[in-house]
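Undergrad: My questions will all concern the structure given below.
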Amino acid sequence: MTLKETQEEVDRWIKTYGVRYFSELTNMAILTEEVGELARVMARTYGDQSFKAGEKSNLGDEMADVLWVLLCLANQTGVDLEAEFRKNLEKKTARDKTRHINNEKLK
């Protein structure tokens, strides 16, 4: 599934089951909340924290939640994430094509 197809799928789901999109500001707050939940799982899985009793790693689900809200925001604001991602990748490649290879800290 391409990013464009994913955006379209989210839009169909919202229009079928979600009634309407939450406001952009509400979705921005929800995105922040979801990133926090992802950070909690990362800290417990890869960091120094441990899971609380009954808690389990749901890393993929938390990442999917972040992606979902980001796709909602893209749909609401008219951003074609696939096109923007391609432009962003080209920008990073032009800017950083030798930067990381020549970084002594990464060797």
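Residues in the structure tokens are named by chain (A, B, ... in the order shown) and by number from 1 within that chain; ligands are numbered from 1 in the order shown.
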With only C-alpha atoms as the counted atoms, please give the residues lying no more than 7 Å from range 7-11 of chain A, apart from itself and same-chain residues fewer than 2 positions off, as a list of chain:residue names.
TA: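 Those residues are A:Leu3, A:Lys4, A:Glu5, A:Trp13, A:Ile14, A:Lys15, A:Leu71, A:Cys72, A:Asn75.
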Undergrad: Those same residues - N, CA and C atoms - I'd like them written as a short mmCIF file (atom, residue, chain, number, x, y, z; two decimals), in the first residue's frame.
TA:
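And here is the file that came out, result12.cif:
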```
data_model
loop_
_atom_site.label_atom_id
_atom_site.label_comp_id
_atom_site.auth_asym_id
_atom_site.auth_seq_id
_atom_site.Cartn_x
_atom_site.Cartn_y
_atom_site.Cartn_z
N LEU A 3 1.68 5.39 0.33
CA LEU A 3 1.22 6.42 1.27
C LEU A 3 -0.08 7.06 0.77
N LYS A 4 -0.14 7.29 -0.53
CA LYS A 4 -1.37 7.88 -1.10
C LYS A 4 -2.56 6.97 -0.85
N GLU A 5 -2.39 5.68 -1.09
CA GLU A 5 -3.47 4.72 -0.84
C GLU A 5 -3.83 4.68 0.65
N TRP A 13 -12.27 5.51 5.94
CA TRP A 13 -12.63 5.03 7.27
C TRP A 13 -13.28 6.16 8.08
N ILE A 14 -12.67 7.33 8.05
CA ILE A 14 -13.22 8.48 8.78
C ILE A 14 -14.64 8.78 8.30
N LYS A 15 -14.83 8.80 7.00
CA LYS A 15 -16.15 9.14 6.44
C LYS A 15 -17.18 8.04 6.68
N LEU A 71 -1.61 10.80 9.21
CA LEU A 71 -2.36 10.69 7.95
C LEU A 71 -3.64 11.52 8.01
N CYS A 72 -4.31 11.53 9.15
CA CYS A 72 -5.50 12.38 9.31
C CYS A 72 -5.13 13.84 9.11
N ASN A 75 -4.50 14.60 5.47
CA ASN A 75 -5.76 14.68 4.73
C ASN A 75 -6.46 16.00 4.99
#
```
Undergrad: One number please: CA of Ser57 in chain A to CA of Val35 in chain A, in Å, one decimal.
TA: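 Interatomic distance, CA of Ser57 in chain A to CA of Val35 in chain A: 14.8 Å.
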Undergrad: Tell me, in Å to one decimal, how far CA of Gln76 in chain A is from CA of Val41 in chain A.
TA: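 We find that CA of Gln76 in chain A and CA of Val41 in chain A lie 28.2 Å from each other.
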Undergrad: Using DSSP on the backbone coordinates, identify the residues of chain A assigned to alpha helix (DSSP H); present them as a VMD selection string.
TA: chain A and resid 3 to 13 24 to 45 59 to 77 81 to 96
Undergrad: Which residues are close to Glu62 in chain A, i.e. within 8 Å by only C-alpha atoms, leaving aside same-chain residues fewer than 4 positions away? Reply as a short mmCIF file (atom, residue, chain, number, x, y, z; two decimals) with C-alpha atoms, in the first residue's frame.
TA:
```cif
data_model
loop_
_atom_site.label_atom_id
_atom_site.label_comp_id
_atom_site.auth_asym_id
_atom_site.auth_seq_id
_atom_site.Cartn_x
_atom_site.Cartn_y
_atom_site.Cartn_z
CA GLU A 34 0.33 9.15 20.65
CA VAL A 35 4.02 10.07 20.32
CA GLU A 37 2.71 6.62 24.26
CA LEU A 38 5.26 5.45 21.71
CA ASN A 58 2.89 -2.91 21.78
CA VAL A 66 1.15 7.86 15.33
#
```
Undergrad: Which value, in Å to one decimal, gives the distance between CA of Asn102 in chain A and CA of Arg86 in chain A?
TA: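 If I compute the distance from CA of Asn102 in chain A to CA of Arg86 in chain A, I get 24.2 Å.
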